>>> print(open('structure04.cif').read())   # mmCIF, N, CA and C atoms
data_entry
loop_
_atom_site.label_atom_id
_atom_site.label_comp_id
_atom_site.auth_asym_id
_atom_site.auth_seq_id
_atom_site.Cartn_x
_atom_site.Cartn_y
_atom_site.Cartn_z
N MET A 1 10.96 -65.36 75.66
CA MET A 1 12.23 -64.68 75.72
C MET A 1 12.91 -64.92 77.06
N ARG A 2 12.12 -65.07 78.11
CA ARG A 2 12.71 -65.35 79.42
C ARG A 2 13.45 -66.68 79.41
N THR A 3 13.08 -67.56 78.50
CA THR A 3 13.73 -68.85 78.43
C THR A 3 15.21 -68.71 78.08
N MET A 4 15.54 -67.80 77.18
CA MET A 4 16.95 -67.60 76.82
C MET A 4 17.76 -67.15 78.03
N PHE A 5 17.20 -66.25 78.81
CA PHE A 5 17.92 -65.77 79.99
C PHE A 5 18.00 -66.86 81.06
N ARG A 6 17.00 -67.73 81.09
CA ARG A 6 17.06 -68.84 82.03
C ARG A 6 18.19 -69.80 81.64
N PHE A 7 18.36 -70.02 80.34
CA PHE A 7 19.47 -70.86 79.87
C PHE A 7 20.81 -70.27 80.28
N VAL A 8 20.94 -68.95 80.14
CA VAL A 8 22.19 -68.29 80.52
C VAL A 8 22.41 -68.42 82.02
N LEU A 9 21.36 -68.29 82.81
CA LEU A 9 21.48 -68.43 84.25
C LEU A 9 21.90 -69.85 84.64
N VAL A 10 21.35 -70.84 83.96
CA VAL A 10 21.75 -72.22 84.21
C VAL A 10 23.22 -72.40 83.85
N GLN A 11 23.66 -71.79 82.75
CA GLN A 11 25.07 -71.86 82.38
C GLN A 11 25.95 -71.25 83.46
N VAL A 12 25.54 -70.12 84.00
CA VAL A 12 26.33 -69.47 85.05
C VAL A 12 26.46 -70.39 86.26
N PHE A 13 25.37 -71.00 86.67
CA PHE A 13 25.43 -71.92 87.82
C PHE A 13 26.35 -73.10 87.52
N VAL A 14 26.28 -73.65 86.34
CA VAL A 14 27.14 -74.78 85.97
C VAL A 14 28.61 -74.36 85.98
N VAL A 15 28.90 -73.17 85.48
CA VAL A 15 30.29 -72.69 85.45
C VAL A 15 30.81 -72.47 86.87
N VAL A 16 29.99 -71.92 87.74
CA VAL A 16 30.41 -71.71 89.13
C VAL A 16 30.72 -73.04 89.80
N ILE A 17 29.87 -74.03 89.58
CA ILE A 17 30.10 -75.35 90.16
C ILE A 17 31.36 -75.99 89.56
N ALA A 18 31.53 -75.88 88.25
CA ALA A 18 32.71 -76.45 87.60
C ALA A 18 33.99 -75.78 88.08
N ALA A 19 33.97 -74.44 88.18
CA ALA A 19 35.17 -73.73 88.64
C ALA A 19 35.49 -74.08 90.08
N SER A 20 34.46 -74.22 90.91
CA SER A 20 34.68 -74.61 92.30
C SER A 20 35.28 -76.00 92.40
N ALA A 21 34.75 -76.92 91.62
CA ALA A 21 35.26 -78.30 91.64
C ALA A 21 36.69 -78.36 91.12
N MET A 22 36.96 -77.67 90.03
CA MET A 22 38.32 -77.67 89.50
C MET A 22 39.29 -77.02 90.48
N GLY A 23 38.85 -75.97 91.13
CA GLY A 23 39.69 -75.32 92.13
C GLY A 23 39.97 -76.22 93.31
N ALA A 24 38.97 -76.98 93.73
CA ALA A 24 39.16 -77.88 94.87
C ALA A 24 40.13 -79.01 94.54
N PHE A 25 40.09 -79.50 93.31
CA PHE A 25 40.94 -80.62 92.93
C PHE A 25 42.32 -80.21 92.41
N PHE A 26 42.39 -79.09 91.68
CA PHE A 26 43.63 -78.76 90.98
C PHE A 26 44.23 -77.41 91.34
N GLY A 27 43.55 -76.61 92.16
CA GLY A 27 44.11 -75.34 92.57
C GLY A 27 43.46 -74.14 91.90
N TRP A 28 43.93 -72.96 92.29
CA TRP A 28 43.29 -71.72 91.85
C TRP A 28 43.47 -71.46 90.36
N GLN A 29 44.59 -71.89 89.77
CA GLN A 29 44.77 -71.68 88.33
C GLN A 29 43.76 -72.50 87.53
N ALA A 30 43.46 -73.68 88.02
CA ALA A 30 42.44 -74.50 87.36
C ALA A 30 41.06 -73.87 87.51
N ALA A 31 40.78 -73.30 88.69
CA ALA A 31 39.50 -72.62 88.90
C ALA A 31 39.38 -71.41 87.98
N ALA A 32 40.46 -70.65 87.86
CA ALA A 32 40.44 -69.48 86.97
C ALA A 32 40.27 -69.92 85.52
N SER A 33 40.95 -70.98 85.13
CA SER A 33 40.82 -71.48 83.76
C SER A 33 39.40 -71.96 83.49
N ALA A 34 38.80 -72.63 84.45
CA ALA A 34 37.42 -73.09 84.28
C ALA A 34 36.47 -71.90 84.21
N GLY A 35 36.71 -70.90 85.03
CA GLY A 35 35.87 -69.70 84.98
C GLY A 35 35.96 -69.00 83.64
N MET A 36 37.18 -68.90 83.13
CA MET A 36 37.34 -68.28 81.81
C MET A 36 36.73 -69.13 80.71
N GLY A 37 36.90 -70.44 80.80
CA GLY A 37 36.30 -71.33 79.81
C GLY A 37 34.79 -71.23 79.81
N GLY A 38 34.21 -71.17 80.98
CA GLY A 38 32.76 -71.00 81.06
C GLY A 38 32.32 -69.63 80.57
N GLY A 39 33.11 -68.62 80.92
CA GLY A 39 32.79 -67.27 80.47
C GLY A 39 32.83 -67.13 78.96
N ILE A 40 33.70 -67.90 78.33
CA ILE A 40 33.78 -67.89 76.87
C ILE A 40 32.44 -68.32 76.27
N CYS A 41 31.72 -69.18 76.94
CA CYS A 41 30.41 -69.62 76.46
C CYS A 41 29.27 -68.74 76.96
N VAL A 42 29.36 -68.30 78.20
CA VAL A 42 28.25 -67.58 78.82
C VAL A 42 28.10 -66.17 78.26
N LEU A 43 29.19 -65.43 78.15
CA LEU A 43 29.10 -64.04 77.69
C LEU A 43 28.48 -63.92 76.30
N PRO A 44 28.94 -64.65 75.30
CA PRO A 44 28.28 -64.54 73.98
C PRO A 44 26.81 -64.96 74.00
N ASN A 45 26.46 -65.96 74.81
CA ASN A 45 25.06 -66.38 74.89
C ASN A 45 24.21 -65.30 75.54
N PHE A 46 24.74 -64.63 76.55
CA PHE A 46 24.01 -63.53 77.19
C PHE A 46 23.80 -62.39 76.20
N LEU A 47 24.84 -62.03 75.46
CA LEU A 47 24.71 -60.96 74.48
C LEU A 47 23.74 -61.33 73.37
N PHE A 48 23.73 -62.59 72.97
CA PHE A 48 22.78 -63.06 71.95
C PHE A 48 21.35 -63.00 72.49
N ALA A 49 21.16 -63.35 73.75
CA ALA A 49 19.82 -63.25 74.35
C ALA A 49 19.36 -61.80 74.40
N LEU A 50 20.27 -60.88 74.74
CA LEU A 50 19.91 -59.46 74.72
C LEU A 50 19.54 -59.00 73.31
N TYR A 51 20.34 -59.43 72.34
CA TYR A 51 20.05 -59.09 70.94
C TYR A 51 18.66 -59.57 70.55
N LEU A 52 18.33 -60.81 70.88
CA LEU A 52 17.01 -61.34 70.53
C LEU A 52 15.90 -60.60 71.24
N LYS A 53 16.15 -60.17 72.46
CA LYS A 53 15.14 -59.42 73.21
C LYS A 53 14.85 -58.09 72.53
N PHE A 54 15.89 -57.39 72.11
CA PHE A 54 15.68 -56.08 71.50
C PHE A 54 15.14 -56.20 70.07
N VAL A 55 15.54 -57.21 69.34
CA VAL A 55 15.07 -57.38 67.96
C VAL A 55 13.61 -57.82 67.95
N ALA A 56 13.17 -58.51 68.97
CA ALA A 56 11.80 -59.02 69.00
C ALA A 56 10.77 -57.89 68.96
N HIS A 57 11.14 -56.69 69.39
CA HIS A 57 10.19 -55.58 69.44
C HIS A 57 10.25 -54.69 68.20
N LYS A 58 11.13 -55.02 67.25
CA LYS A 58 11.24 -54.23 66.03
C LYS A 58 10.53 -54.98 64.90
N PRO A 59 9.64 -54.31 64.20
CA PRO A 59 8.94 -54.98 63.10
C PRO A 59 9.88 -55.30 61.95
N GLY A 60 9.82 -56.54 61.49
CA GLY A 60 10.61 -56.96 60.34
C GLY A 60 12.06 -57.28 60.63
N ALA A 61 12.52 -57.07 61.86
CA ALA A 61 13.93 -57.31 62.17
C ALA A 61 14.17 -58.66 62.82
N GLY A 62 13.12 -59.36 63.20
CA GLY A 62 13.29 -60.61 63.92
C GLY A 62 13.21 -61.85 63.06
N GLY A 63 13.53 -61.74 61.80
CA GLY A 63 13.42 -62.87 60.89
C GLY A 63 14.55 -63.86 61.06
N ALA A 64 14.50 -64.86 60.20
CA ALA A 64 15.50 -65.92 60.26
C ALA A 64 16.90 -65.41 59.94
N ALA A 65 17.00 -64.46 59.02
CA ALA A 65 18.32 -63.92 58.67
C ALA A 65 18.96 -63.24 59.87
N GLY A 66 18.18 -62.47 60.61
CA GLY A 66 18.69 -61.80 61.81
C GLY A 66 19.14 -62.80 62.86
N PHE A 67 18.38 -63.88 63.00
CA PHE A 67 18.76 -64.92 63.96
C PHE A 67 20.08 -65.57 63.57
N PHE A 68 20.23 -65.92 62.30
CA PHE A 68 21.45 -66.60 61.87
C PHE A 68 22.66 -65.67 61.90
N ILE A 69 22.46 -64.41 61.61
CA ILE A 69 23.56 -63.45 61.73
C ILE A 69 23.97 -63.33 63.19
N GLY A 70 23.00 -63.24 64.09
CA GLY A 70 23.30 -63.18 65.53
C GLY A 70 24.02 -64.43 66.00
N GLU A 71 23.60 -65.57 65.51
CA GLU A 71 24.25 -66.83 65.88
C GLU A 71 25.68 -66.87 65.37
N PHE A 72 25.91 -66.39 64.15
CA PHE A 72 27.26 -66.34 63.59
C PHE A 72 28.15 -65.42 64.43
N VAL A 73 27.63 -64.26 64.80
CA VAL A 73 28.39 -63.33 65.62
C VAL A 73 28.70 -63.96 66.98
N LYS A 74 27.75 -64.70 67.53
CA LYS A 74 27.97 -65.37 68.82
C LYS A 74 29.11 -66.38 68.72
N VAL A 75 29.12 -67.19 67.70
CA VAL A 75 30.17 -68.19 67.52
C VAL A 75 31.52 -67.52 67.26
N ALA A 76 31.52 -66.46 66.46
CA ALA A 76 32.77 -65.73 66.20
C ALA A 76 33.31 -65.10 67.48
N LEU A 77 32.42 -64.58 68.32
CA LEU A 77 32.85 -63.99 69.59
C LEU A 77 33.42 -65.07 70.53
N MET A 78 32.80 -66.24 70.53
CA MET A 78 33.33 -67.34 71.34
C MET A 78 34.73 -67.73 70.88
N PHE A 79 34.91 -67.83 69.58
CA PHE A 79 36.22 -68.17 69.03
C PHE A 79 37.24 -67.09 69.39
N GLY A 80 36.86 -65.83 69.23
CA GLY A 80 37.76 -64.73 69.56
C GLY A 80 38.15 -64.71 71.03
N LEU A 81 37.18 -64.95 71.90
CA LEU A 81 37.48 -65.00 73.33
C LEU A 81 38.39 -66.17 73.68
N LEU A 82 38.19 -67.29 73.02
CA LEU A 82 39.05 -68.46 73.24
C LEU A 82 40.49 -68.14 72.83
N VAL A 83 40.66 -67.54 71.68
CA VAL A 83 42.01 -67.16 71.23
C VAL A 83 42.63 -66.16 72.20
N LEU A 84 41.86 -65.21 72.67
CA LEU A 84 42.37 -64.21 73.61
C LEU A 84 42.83 -64.85 74.92
N VAL A 85 42.05 -65.76 75.45
CA VAL A 85 42.42 -66.44 76.69
C VAL A 85 43.68 -67.28 76.48
N ILE A 86 43.76 -67.99 75.37
CA ILE A 86 44.94 -68.82 75.10
C ILE A 86 46.20 -67.95 75.00
N LYS A 87 46.08 -66.82 74.35
CA LYS A 87 47.24 -65.95 74.14
C LYS A 87 47.66 -65.21 75.41
N LYS A 88 46.70 -64.79 76.23
CA LYS A 88 47.00 -63.88 77.34
C LYS A 88 47.19 -64.55 78.70
N TYR A 89 46.62 -65.73 78.91
CA TYR A 89 46.70 -66.35 80.23
C TYR A 89 47.77 -67.43 80.22
N ALA A 90 48.91 -67.12 80.86
CA ALA A 90 50.06 -68.02 80.83
C ALA A 90 49.85 -69.30 81.65
N GLY A 91 49.10 -69.21 82.74
CA GLY A 91 48.91 -70.37 83.61
C GLY A 91 47.68 -71.18 83.28
N LEU A 92 47.34 -71.24 82.01
CA LEU A 92 46.12 -71.91 81.59
C LEU A 92 46.17 -73.41 81.91
N HIS A 93 45.10 -73.90 82.53
CA HIS A 93 44.95 -75.32 82.81
C HIS A 93 43.93 -75.86 81.81
N TRP A 94 44.46 -76.49 80.75
CA TRP A 94 43.64 -76.91 79.63
C TRP A 94 42.48 -77.82 79.99
N PRO A 95 42.69 -78.85 80.82
CA PRO A 95 41.54 -79.72 81.14
C PRO A 95 40.39 -78.96 81.80
N SER A 96 40.71 -78.01 82.66
CA SER A 96 39.67 -77.23 83.32
C SER A 96 38.94 -76.32 82.34
N LEU A 97 39.70 -75.67 81.46
CA LEU A 97 39.10 -74.78 80.47
C LEU A 97 38.15 -75.56 79.56
N LEU A 98 38.62 -76.68 79.04
CA LEU A 98 37.80 -77.46 78.11
C LEU A 98 36.59 -78.10 78.79
N THR A 99 36.79 -78.56 80.03
CA THR A 99 35.67 -79.15 80.77
C THR A 99 34.58 -78.12 81.02
N ALA A 100 34.98 -76.93 81.48
CA ALA A 100 33.99 -75.89 81.74
C ALA A 100 33.30 -75.44 80.47
N MET A 101 34.04 -75.34 79.37
CA MET A 101 33.41 -74.98 78.10
C MET A 101 32.39 -76.03 77.67
N ALA A 102 32.75 -77.29 77.81
CA ALA A 102 31.83 -78.36 77.42
C ALA A 102 30.58 -78.36 78.30
N LEU A 103 30.78 -78.20 79.60
CA LEU A 103 29.64 -78.18 80.51
C LEU A 103 28.74 -76.97 80.27
N ALA A 104 29.35 -75.81 80.06
CA ALA A 104 28.56 -74.60 79.81
C ALA A 104 27.80 -74.70 78.48
N SER A 105 28.43 -75.29 77.50
CA SER A 105 27.77 -75.45 76.20
C SER A 105 26.55 -76.37 76.29
N GLN A 106 26.64 -77.38 77.12
CA GLN A 106 25.55 -78.34 77.24
C GLN A 106 24.56 -77.98 78.34
N ALA A 107 24.89 -76.99 79.16
CA ALA A 107 24.02 -76.64 80.28
C ALA A 107 22.68 -76.09 79.82
N GLY A 108 22.64 -75.50 78.65
CA GLY A 108 21.38 -74.99 78.14
C GLY A 108 20.32 -76.07 77.99
N LEU A 109 20.76 -77.30 77.80
CA LEU A 109 19.80 -78.40 77.69
C LEU A 109 19.05 -78.63 78.99
N LEU A 110 19.66 -78.25 80.13
CA LEU A 110 18.97 -78.39 81.40
C LEU A 110 17.79 -77.44 81.52
N GLY A 111 17.81 -76.36 80.73
CA GLY A 111 16.71 -75.42 80.75
C GLY A 111 15.41 -76.03 80.26
N PHE A 112 15.50 -77.06 79.44
CA PHE A 112 14.29 -77.74 78.97
C PHE A 112 13.72 -78.68 80.01
N TRP A 113 14.52 -78.97 81.03
CA TRP A 113 14.13 -79.94 82.03
C TRP A 113 12.92 -79.48 82.83
N LYS A 114 12.90 -78.21 83.21
CA LYS A 114 11.82 -77.69 84.06
C LYS A 114 11.09 -76.58 83.33
N LYS A 115 9.80 -76.73 83.20
CA LYS A 115 8.97 -75.69 82.60
C LYS A 115 8.52 -74.74 83.70
N SER A 116 8.40 -73.44 83.34
CA SER A 116 7.93 -72.48 84.36
C SER A 116 6.45 -72.27 84.28
#
>>> encode(input="structure04.cif", output="structure tokens")
Amino acid sequence: MRTMFRFVLVQVFVVVIAASAMGAFFGWQAAASAGMGGGICVLPNFLFALYLKFVAHKPGAGGAAGFFIGEFVKVALMFGLLVLVIKKYAGLHWPSLLTAMALASQAGLLGFWKKS
């Protein structure tokens, strides 16, 4: 279970680096857009990791159906957050948002790189 939280932590580090880089090259609006784009991926993954942690201790609740329902809710939350950011943030810098989302989505793969 600690592995899920490690993936989320790796995502946070990647988002911070991406937002810093975007801010250095394109300004504060790009940094904010990258932060929001990364947050769109990180927050649902963190909530899904919490869900899995709590379900793991309940008998009969940790089956495949519960996992897939949690995954569906995670994807729906990501989509909802993306729509919210697009609608509410007027100074959105699209390349930064999409880059940070792509990096955060793939950052979980780095968690397999090092075993604890």
>>> select_by_dssp(input="structure04.cif", residues="chain A", states="alpha helix (DSSP H)", output="PyMOL selection string")
chain A and resi 2-26+28-55+64-88+94-107
>>> closest_residue(input="structure04.cif", among="A:Ser105, A:Ala18, A:Lys74, A:Phe46", to="Ala34 in chain A", atoms="only C-alpha atoms")
A:Ala18
>>> closest_residue(input="structure04.cif", among="A:Phe79, A:Gly35, A:Gly23, A:Ala30", to="Gln11 in chain A", atoms="only C-alpha atoms")
A:Gly35
>>> axis_aligned_box(input="structure04.cif", around="range 31-45 of chain A", padding_each_side="6 Å", output="JSON")
{"center_x": 32.6, "center_y": -68.6, "center_z": 81.4, "size_x": 28.7, "size_y": 21.4, "size_z": 26.9}
>>> resolve_selection(input="structure04.cif", expression="the PyMOL selection byres ((chain A and resi 104) around 7)", output="list in words")
Gln11, Val12, Val14, Val15, Gly38, Cys41, Val42, Thr99, Ala100, Met101, Ala102, Leu103, Ser105, Gln106, Ala107 and Gly108 of chain A
>>> atom_distance(input="structure04.cif", atom1="CA of Ala19 in chain A", atom2="CA of Tyr51 in chain A")
27.5 Å
>>> resolve_selection(input="structure04.cif", expression="the PyMOL selection byres (((chain A and resi 85 and name CA) around 12) and name CA)", output="JSON list (two decimals) with N, CA and C atoms, in the coordinates of the input")
[["chain", "number", "residue", "atom", "x", "y", "z"],
["A", 32, "ALA", "N", 40.46, -70.65, 87.86],
["A", 32, "ALA", "CA", 40.44, -69.48, 86.97],
["A", 32, "ALA", "C", 40.27, -69.92, 85.52],
["A", 33, "SER", "N", 40.95, -70.98, 85.13],
["A", 33, "SER", "CA", 40.82, -71.48, 83.76],
["A", 33, "SER", "C", 39.40, -71.96, 83.49],
["A", 34, "ALA", "N", 38.80, -72.63, 84.45],
["A", 34, "ALA", "CA", 37.42, -73.09, 84.28],
["A", 34, "ALA", "C", 36.47, -71.90, 84.21],
["A", 35, "GLY", "N", 36.71, -70.90, 85.03],
["A", 35, "GLY", "CA", 35.87, -69.70, 84.98],
["A", 35, "GLY", "C", 35.96, -69.00, 83.64],
["A", 36, "MET", "N", 37.18, -68.90, 83.13],
["A", 36, "MET", "CA", 37.34, -68.28, 81.81],
["A", 36, "MET", "C", 36.73, -69.13, 80.71],
["A", 37, "GLY", "N", 36.90, -70.44, 80.80],
["A", 37, "GLY", "CA", 36.30, -71.33, 79.81],
["A", 37, "GLY", "C", 34.79, -71.23, 79.81],
["A", 38, "GLY", "N", 34.21, -71.17, 80.98],
["A", 38, "GLY", "CA", 32.76, -71.00, 81.06],
["A", 38, "GLY", "C", 32.32, -69.63, 80.57],
["A", 39, "GLY", "N", 33.11, -68.62, 80.92],
["A", 39, "GLY", "CA", 32.79, -67.27, 80.47],
["A", 39, "GLY", "C", 32.83, -67.13, 78.96],
["A", 40, "ILE", "N", 33.70, -67.90, 78.33],
["A", 40, "ILE", "CA", 33.78, -67.89, 76.87],
["A", 40, "ILE", "C", 32.44, -68.32, 76.27],
["A", 78, "MET", "N", 32.80, -66.24, 70.53],
["A", 78, "MET", "CA", 33.33, -67.34, 71.34],
["A", 78, "MET", "C", 34.73, -67.73, 70.88],
["A", 79, "PHE", "N", 34.91, -67.83, 69.58],
["A", 79, "PHE", "CA", 36.22, -68.17, 69.03],
["A", 79, "PHE", "C", 37.24, -67.09, 69.39],
["A", 80, "GLY", "N", 36.86, -65.83, 69.23],
["A", 80, "GLY", "CA", 37.76, -64.73, 69.56],
["A", 80, "GLY", "C", 38.15, -64.71, 71.03],
["A", 81, "LEU", "N", 37.18, -64.95, 71.90],
["A", 81, "LEU", "CA", 37.48, -65.00, 73.33],
["A", 81, "LEU", "C", 38.39, -66.17, 73.68],
["A", 82, "LEU", "N", 38.19, -67.29, 73.02],
["A", 82, "LEU", "CA", 39.05, -68.46, 73.24],
["A", 82, "LEU", "C", 40.49, -68.14, 72.83],
["A", 83, "VAL", "N", 40.66, -67.54, 71.68],
["A", 83, "VAL", "CA", 42.01, -67.16, 71.23],
["A", 83, "VAL", "C", 42.63, -66.16, 72.20],
["A", 84, "LEU", "N", 41.86, -65.21, 72.67],
["A", 84, "LEU", "CA", 42.37, -64.21, 73.61],
["A", 84, "LEU", "C", 42.83, -64.85, 74.92],
["A", 86, "ILE", "N", 43.76, -67.99, 75.37],
["A", 86, "ILE", "CA", 44.94, -68.82, 75.10],
["A", 86, "ILE", "C", 46.20, -67.95, 75.00],
["A", 87, "LYS", "N", 46.08, -66.82, 74.35],
["A", 87, "LYS", "CA", 47.24, -65.95, 74.14],
["A", 87, "LYS", "C", 47.66, -65.21, 75.41],
["A", 88, "LYS", "N", 46.70, -64.79, 76.23],
["A", 88, "LYS", "CA", 47.00, -63.88, 77.34],
["A", 88, "LYS", "C", 47.19, -64.55, 78.70],
["A", 89, "TYR", "N", 46.62, -65.73, 78.91],
["A", 89, "TYR", "CA", 46.70, -66.35, 80.23],
["A", 89, "TYR", "C", 47.77, -67.43, 80.22],
["A", 90, "ALA", "N", 48.91, -67.12, 80.86],
["A", 90, "ALA", "CA", 50.06, -68.02, 80.83],
["A", 90, "ALA", "C", 49.85, -69.30, 81.65],
["A", 91, "GLY", "N", 49.10, -69.21, 82.74],
["A", 91, "GLY", "CA", 48.91, -70.37, 83.61],
["A", 91, "GLY", "C", 47.68, -71.18, 83.28],
["A", 92, "LEU", "N", 47.34, -71.24, 82.01],
["A", 92, "LEU", "CA", 46.12, -71.91, 81.59],
["A", 92, "LEU", "C", 46.17, -73.41, 81.91],
["A", 93, "HIS", "N", 45.10, -73.90, 82.53],
["A", 93, "HIS", "CA", 44.95, -75.32, 82.81],
["A", 93, "HIS", "C", 43.93, -75.86, 81.81],
["A", 94, "TRP", "N", 44.46, -76.49, 80.75],
["A", 94, "TRP", "CA", 43.64, -76.91, 79.63],
["A", 94, "TRP", "C", 42.48, -77.82, 79.99],
["A", 97, "LEU", "N", 39.70, -75.67, 81.46],
["A", 97, "LEU", "CA", 39.10, -74.78, 80.47],
["A", 97, "LEU", "C", 38.15, -75.56, 79.56]]
>>> decode(input="structure04.cif", residues="range 64-72 of chain A", atoms="all heavy atoms", output="PDB file, in the first residue's frame")
ATOM      1  N   ALA A  64     -12.237  -6.863  -7.020  1.00  0.00           N
ATOM      2  CA  ALA A  64     -11.983  -6.226  -8.306  1.00  0.00           C
ATOM      3  C   ALA A  64     -13.036  -5.176  -8.634  1.00  0.00           C
ATOM      4  O   ALA A  64     -12.717  -4.128  -9.197  1.00  0.00           O
ATOM      5  CB  ALA A  64     -11.944  -7.281  -9.405  1.00  0.00           C
ATOM      6  N   ALA A  65     -14.285  -5.428  -8.268  1.00  0.00           N
ATOM      7  CA  ALA A  65     -15.345  -4.456  -8.553  1.00  0.00           C
ATOM      8  C   ALA A  65     -15.079  -3.140  -7.828  1.00  0.00           C
ATOM      9  O   ALA A  65     -15.244  -2.058  -8.402  1.00  0.00           O
ATOM     10  CB  ALA A  65     -16.708  -5.018  -8.160  1.00  0.00           C
ATOM     11  N   GLY A  66     -14.666  -3.218  -6.575  1.00  0.00           N
ATOM     12  CA  GLY A  66     -14.347  -2.006  -5.820  1.00  0.00           C
ATOM     13  C   GLY A  66     -13.190  -1.246  -6.430  1.00  0.00           C
ATOM     14  O   GLY A  66     -13.201  -0.009  -6.468  1.00  0.00           O
ATOM     15  N   PHE A  67     -12.194  -1.981  -6.917  1.00  0.00           N
ATOM     16  CA  PHE A  67     -11.055  -1.337  -7.561  1.00  0.00           C
ATOM     17  C   PHE A  67     -11.485  -0.606  -8.826  1.00  0.00           C
ATOM     18  O   PHE A  67     -11.115   0.548  -9.046  1.00  0.00           O
ATOM     19  CB  PHE A  67      -9.978  -2.378  -7.894  1.00  0.00           C
ATOM     20  CG  PHE A  67      -8.806  -1.798  -8.628  1.00  0.00           C
ATOM     21  CD1 PHE A  67      -7.795  -1.173  -7.934  1.00  0.00           C
ATOM     22  CD2 PHE A  67      -8.725  -1.881 -10.010  1.00  0.00           C
ATOM     23  CE1 PHE A  67      -6.713  -0.630  -8.607  1.00  0.00           C
ATOM     24  CE2 PHE A  67      -7.648  -1.338 -10.685  1.00  0.00           C
ATOM     25  CZ  PHE A  67      -6.637  -0.716  -9.982  1.00  0.00           C
ATOM     26  N   PHE A  68     -12.280  -1.261  -9.657  1.00  0.00           N
ATOM     27  CA  PHE A  68     -12.687  -0.640 -10.915  1.00  0.00           C
ATOM     28  C   PHE A  68     -13.646   0.524 -10.699  1.00  0.00           C
ATOM     29  O   PHE A  68     -13.601   1.510 -11.436  1.00  0.00           O
ATOM     30  CB  PHE A  68     -13.290  -1.679 -11.865  1.00  0.00           C
ATOM     31  CG  PHE A  68     -12.245  -2.562 -12.477  1.00  0.00           C
ATOM     32  CD1 PHE A  68     -12.201  -3.911 -12.183  1.00  0.00           C
ATOM     33  CD2 PHE A  68     -11.278  -2.040 -13.326  1.00  0.00           C
ATOM     34  CE1 PHE A  68     -11.219  -4.720 -12.729  1.00  0.00           C
ATOM     35  CE2 PHE A  68     -10.289  -2.837 -13.879  1.00  0.00           C
ATOM     36  CZ  PHE A  68     -10.269  -4.184 -13.581  1.00  0.00           C
ATOM     37  N   ILE A  69     -14.481   0.443  -9.695  1.00  0.00           N
ATOM     38  CA  ILE A  69     -15.344   1.578  -9.370  1.00  0.00           C
ATOM     39  C   ILE A  69     -14.493   2.746  -8.902  1.00  0.00           C
ATOM     40  O   ILE A  69     -14.710   3.888  -9.313  1.00  0.00           O
ATOM     41  CB  ILE A  69     -16.397   1.185  -8.317  1.00  0.00           C
ATOM     42  CG1 ILE A  69     -17.413   0.237  -8.945  1.00  0.00           C
ATOM     43  CG2 ILE A  69     -17.084   2.414  -7.737  1.00  0.00           C
ATOM     44  CD1 ILE A  69     -18.357  -0.408  -7.962  1.00  0.00           C
ATOM     45  N   GLY A  70     -13.505   2.476  -8.054  1.00  0.00           N
ATOM     46  CA  GLY A  70     -12.591   3.536  -7.603  1.00  0.00           C
ATOM     47  C   GLY A  70     -11.816   4.143  -8.757  1.00  0.00           C
ATOM     48  O   GLY A  70     -11.630   5.365  -8.820  1.00  0.00           O
ATOM     49  N   GLU A  71     -11.394   3.317  -9.673  1.00  0.00           N
ATOM     50  CA  GLU A  71     -10.661   3.814 -10.852  1.00  0.00           C
ATOM     51  C   GLU A  71     -11.567   4.677 -11.723  1.00  0.00           C
ATOM     52  O   GLU A  71     -11.145   5.717 -12.231  1.00  0.00           O
ATOM     53  CB  GLU A  71     -10.109   2.633 -11.654  1.00  0.00           C
ATOM     54  CG  GLU A  71      -9.188   3.020 -12.765  1.00  0.00           C
ATOM     55  CD  GLU A  71      -7.857   3.573 -12.312  1.00  0.00           C
ATOM     56  OE1 GLU A  71      -7.391   3.228 -11.214  1.00  0.00           O
ATOM     57  OE2 GLU A  71      -7.269   4.381 -13.065  1.00  0.00           O
ATOM     58  N   PHE A  72     -12.820   4.269 -11.896  1.00  0.00           N
ATOM     59  CA  PHE A  72     -13.775   5.059 -12.665  1.00  0.00           C
ATOM     60  C   PHE A  72     -14.009   6.417 -12.004  1.00  0.00           C
ATOM     61  O   PHE A  72     -14.033   7.453 -12.686  1.00  0.00           O
ATOM     62  CB  PHE A  72     -15.099   4.306 -12.816  1.00  0.00           C
ATOM     63  CG  PHE A  72     -16.155   5.117 -13.511  1.00  0.00           C
ATOM     64  CD1 PHE A  72     -16.126   5.265 -14.885  1.00  0.00           C
ATOM     65  CD2 PHE A  72     -17.156   5.733 -12.781  1.00  0.00           C
ATOM     66  CE1 PHE A  72     -17.094   6.028 -15.529  1.00  0.00           C
ATOM     67  CE2 PHE A  72     -18.126   6.501 -13.412  1.00  0.00           C
ATOM     68  CZ  PHE A  72     -18.095   6.646 -14.791  1.00  0.00           C
TER      69      PHE A  72
END
